[in-house]
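Right, one structure below, let's go through it.
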Amino acid sequence: VTSIGDGAFNNCTSLTSVTLGNGVTSIGRQTFYNCSSLTSVTIPDSVTSIDYAAFYDCSSLASVTLGNGVTSIDSGVFYNCSSLTSIVFTDTSDWYRTTSSSDWENKTGGTLMSVTDASENVIYFKYYSYYWYKK
């Protein structure tokens, strides 16, 4: 499996944990939307992109670790994850955030961000719908 498809686990309210294999390269739109029992996620280094609202409304999700391979995060990925307290970027260099989908798609513009503080990262993902990319 190289891609977890759009809505694959949408509304699986009993899902408590997920182990993504090292061959997975992308996580689709609303893949884990409203998986209200999911508590933590580690995205492996093989994943390069996380699509729109992939973990939207996962109310028990408390911590996320993003692997080195992630270079593109669509808007709303962790939006409304009310228990979220930590998002760790394994690779903290050259991350940009933007409200423009065209800036995101073209990897131009945006604001260079420091992503070294795991609790501060939560603010940008939990309450806002920014696009994120790595140059």
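Labels for the structure tokens follow display order: chains A, B, ..., residues from 1 in each chain, ligands from 1.
Residues of region 11-131 of chain A that DSSP, applied to the backbone, places in alpha helix (DSSP H): Ser101, Ser102, Asp103, Trp104, Glu105, Asn106, Ala118, Ser119, Glu120, Asn121, Val122, Ile123, Tyr124, Phe125 and Lys126 of chain A.
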- 12 Å contact set for Ser100 (chain A), only C-alpha atoms, chain neighbours under 3 positions out, as a PyMOL selection string: chain A and resi 74-75+96-97+103-111+129-133
- Test item: residues at most 9 Å from Leu15 (chain A), only C-alpha atoms, excluding those fewer than 6 positions along its chain, as a list in words: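 Using only C-alpha atoms, the neighbours found are Phe9, Cys35, Ser36, Ser37 and Leu38 of chain A.
As for CA of Thr16 (chain A) and CA of Leu66 (chain A), they are spaced 18.3 Å apart.
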- Hey, which of A:Val41, A:Val88, A:Val64, A:Ile4 ends up closest to Thr19 (chain A)? Count only C-alpha atoms.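 Using only C-alpha atoms, Thr19 (chain A) sits closest to A:Val41.
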- Message: Could you list, as a list in words, every residue within 12 Å of Tyr124 (chain A), counting only C-alpha atoms and ignoring same-chain residues fewer than 4 positions away?
- Response: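 Close residues of Tyr124 (chain A): Ser75, Gly76, Val77, Phe78, Tyr79, Asn80, Cys81, Leu84, Thr85, Ser86, Ile87, Tyr96, Arg97, Thr98, Thr99, Met113, Ser114, Val115, Asp117, Ala118, Ser119, Glu120, Tyr128, Ser129, Tyr130, Tyr131 and Trp132 of chain A.
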What would the file look like if the residues just selected were written as a CSV table (one decimal), in the first residue's frame with C-alpha atoms?
```csv
chain,number,residue,atom,x,y,z
A,75,SER,CA,-5.3,22.8,4.9
A,76,GLY,CA,-7.4,21.7,7.8
A,77,VAL,CA,-5.4,18.5,8.4
A,78,PHE,CA,-5.7,18.6,12.2
A,79,TYR,CA,-8.5,21.2,12.4
A,80,ASN,CA,-10.8,20.8,15.4
A,81,CYS,CA,-8.8,18.1,17.1
A,84,LEU,CA,-4.3,18.0,20.4
A,85,THR,CA,-1.4,19.2,22.5
A,86,SER,CA,1.7,18.3,20.5
A,87,ILE,CA,2.8,18.2,16.8
A,96,TYR,CA,6.4,27.6,5.1
A,97,ARG,CA,2.7,28.3,5.8
A,98,THR,CA,0.2,30.1,3.7
A,99,THR,CA,-3.5,30.8,3.3
A,113,MET,CA,8.0,29.3,10.1
A,114,SER,CA,9.9,28.0,13.1
A,115,VAL,CA,8.4,24.6,13.9
A,117,ASP,CA,8.0,24.1,19.5
A,118,ALA,CA,5.6,21.1,19.5
A,119,SER,CA,2.9,22.9,21.6
A,120,GLU,CA,3.1,26.1,19.6
A,128,TYR,CA,-6.5,27.6,11.5
A,129,SER,CA,-6.6,26.2,8.0
A,130,TYR,CA,-3.2,26.9,6.7
A,131,TYR,CA,-1.4,25.2,3.9
A,132,TRP,CA,2.2,24.0,4.8
```
Spatial neighbours of Gly28 (chain A), max dist 7 Å, only C-alpha atoms, sep filter under 5 positions, as a tab-separated table (two decimals) with N, CA and C atoms, in the first residue's frame:
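Once everything was written out, this is around.tsv:
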```tsv
chain	number	residue	atom	x	y	z
A	4	ILE	N	-3.07	5.91	1.34
A	4	ILE	CA	-4.30	5.67	2.09
A	4	ILE	C	-5.34	6.57	1.44
A	5	GLY	N	-6.34	5.98	0.82
A	5	GLY	CA	-7.30	6.71	0.01
A	5	GLY	C	-8.22	7.65	0.76
A	6	ASP	N	-8.82	8.54	0.00
A	6	ASP	CA	-9.76	9.52	0.55
A	6	ASP	C	-10.85	8.82	1.35
A	50	ILE	N	0.19	15.00	3.04
A	50	ILE	CA	-1.02	14.74	3.83
A	50	ILE	C	-2.09	15.66	3.27
A	51	ASP	N	-3.18	15.07	2.80
A	51	ASP	CA	-4.19	15.83	2.07
A	51	ASP	C	-5.23	16.46	2.99
A	54	ALA	N	-7.28	15.46	6.64
A	54	ALA	CA	-7.01	14.03	6.84
A	54	ALA	C	-7.37	13.55	8.25
```
Need the shell around Gln30 (chain A): protein/DNA/RNA residues with any atom at most 7 Å away, counting only C-alpha atoms. Skip same-chain ones fewer than 6 positions apart. Format as a short mmCIF file (atom, residue, chain, number, x, y, z; two decimals) with N, CA and C atoms, in the first residue's frame?
```cif
data_model
loop_
_atom_site.label_atom_id
_atom_site.label_comp_id
_atom_site.auth_asym_id
_atom_site.auth_seq_id
_atom_site.Cartn_x
_atom_site.Cartn_y
_atom_site.Cartn_z
N ASP A 6 -8.82 8.54 0.00
CA ASP A 6 -9.76 9.52 0.55
C ASP A 6 -10.85 8.82 1.35
N GLY A 7 -11.04 9.27 2.57
CA GLY A 7 -12.13 8.78 3.42
C GLY A 7 -12.02 7.33 3.84
N ASN A 10 -12.89 7.14 7.43
CA ASN A 10 -13.82 8.20 7.80
C ASN A 10 -14.88 7.67 8.77
N TYR A 52 -6.08 17.25 2.41
CA TYR A 52 -7.08 18.07 3.08
C TYR A 52 -7.84 17.31 4.18
N ALA A 53 -7.85 17.90 5.38
CA ALA A 53 -8.67 17.45 6.51
C ALA A 53 -8.47 15.97 6.86
N ALA A 54 -7.28 15.46 6.64
CA ALA A 54 -7.01 14.03 6.84
C ALA A 54 -7.37 13.55 8.25
N PHE A 55 -7.15 14.38 9.26
CA PHE A 55 -7.44 14.01 10.65
C PHE A 55 -8.45 14.98 11.28
N TYR A 56 -9.19 15.66 10.47
CA TYR A 56 -10.17 16.66 10.93
C TYR A 56 -11.13 16.03 11.94
#
```
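CA of Ser82 (chain A) is positioned 7.1 Å from CA of Ser60 (chain A).
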- Message: So that I can see what lies close to Ser83 (chain A), please list as a list in words the residues with an atom at most 9 Å from it, counting only C-alpha atoms and leaving out residues fewer than 6 positions away in the same chain.
- Response: Thr39, Cys58, Ser59, Ser60, Leu61, Ala62 and Ser63 of chain A
Let's have the selection written as a PDB file, in the first residue's frame, with N, CA and C atoms.
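Everything below was put into part_16.pdb:
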```
ATOM      1  N   THR A  39      -5.884   8.406  19.383  1.00  0.00           N
ATOM      2  CA  THR A  39      -5.189   9.220  20.386  1.00  0.00           C
ATOM      3  C   THR A  39      -3.823   9.752  19.953  1.00  0.00           C
ATOM      4  N   CYS A  58     -10.762  14.715  14.884  1.00  0.00           N
ATOM      5  CA  CYS A  58     -10.363  13.551  15.702  1.00  0.00           C
ATOM      6  C   CYS A  58     -10.229  14.059  17.134  1.00  0.00           C
ATOM      7  N   SER A  59     -11.309  14.041  17.859  1.00  0.00           N
ATOM      8  CA  SER A  59     -11.410  14.742  19.140  1.00  0.00           C
ATOM      9  C   SER A  59     -10.508  14.203  20.248  1.00  0.00           C
ATOM     10  N   SER A  60     -10.027  12.962  20.153  1.00  0.00           N
ATOM     11  CA  SER A  60      -9.139  12.406  21.177  1.00  0.00           C
ATOM     12  C   SER A  60      -7.663  12.455  20.778  1.00  0.00           C
ATOM     13  N   LEU A  61      -7.386  12.902  19.569  1.00  0.00           N
ATOM     14  CA  LEU A  61      -6.008  12.941  19.082  1.00  0.00           C
ATOM     15  C   LEU A  61      -5.211  13.950  19.894  1.00  0.00           C
ATOM     16  N   ALA A  62      -4.185  13.457  20.614  1.00  0.00           N
ATOM     17  CA  ALA A  62      -3.404  14.320  21.506  1.00  0.00           C
ATOM     18  C   ALA A  62      -2.017  14.633  20.963  1.00  0.00           C
ATOM     19  N   SER A  63      -1.411  13.691  20.224  1.00  0.00           N
ATOM     20  CA  SER A  63      -0.050  13.936  19.747  1.00  0.00           C
ATOM     21  C   SER A  63       0.163  13.389  18.345  1.00  0.00           C
TER      22      SER A  63
END
```
- Between A:Asp57, A:Pro44, A:Ser93, A:Gly67, which one has atoms that come closest to Phe125 (chain A), using only C-alpha atoms?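 Of the candidates, the smallest distance to Phe125 (chain A) is held by A:Asp57.
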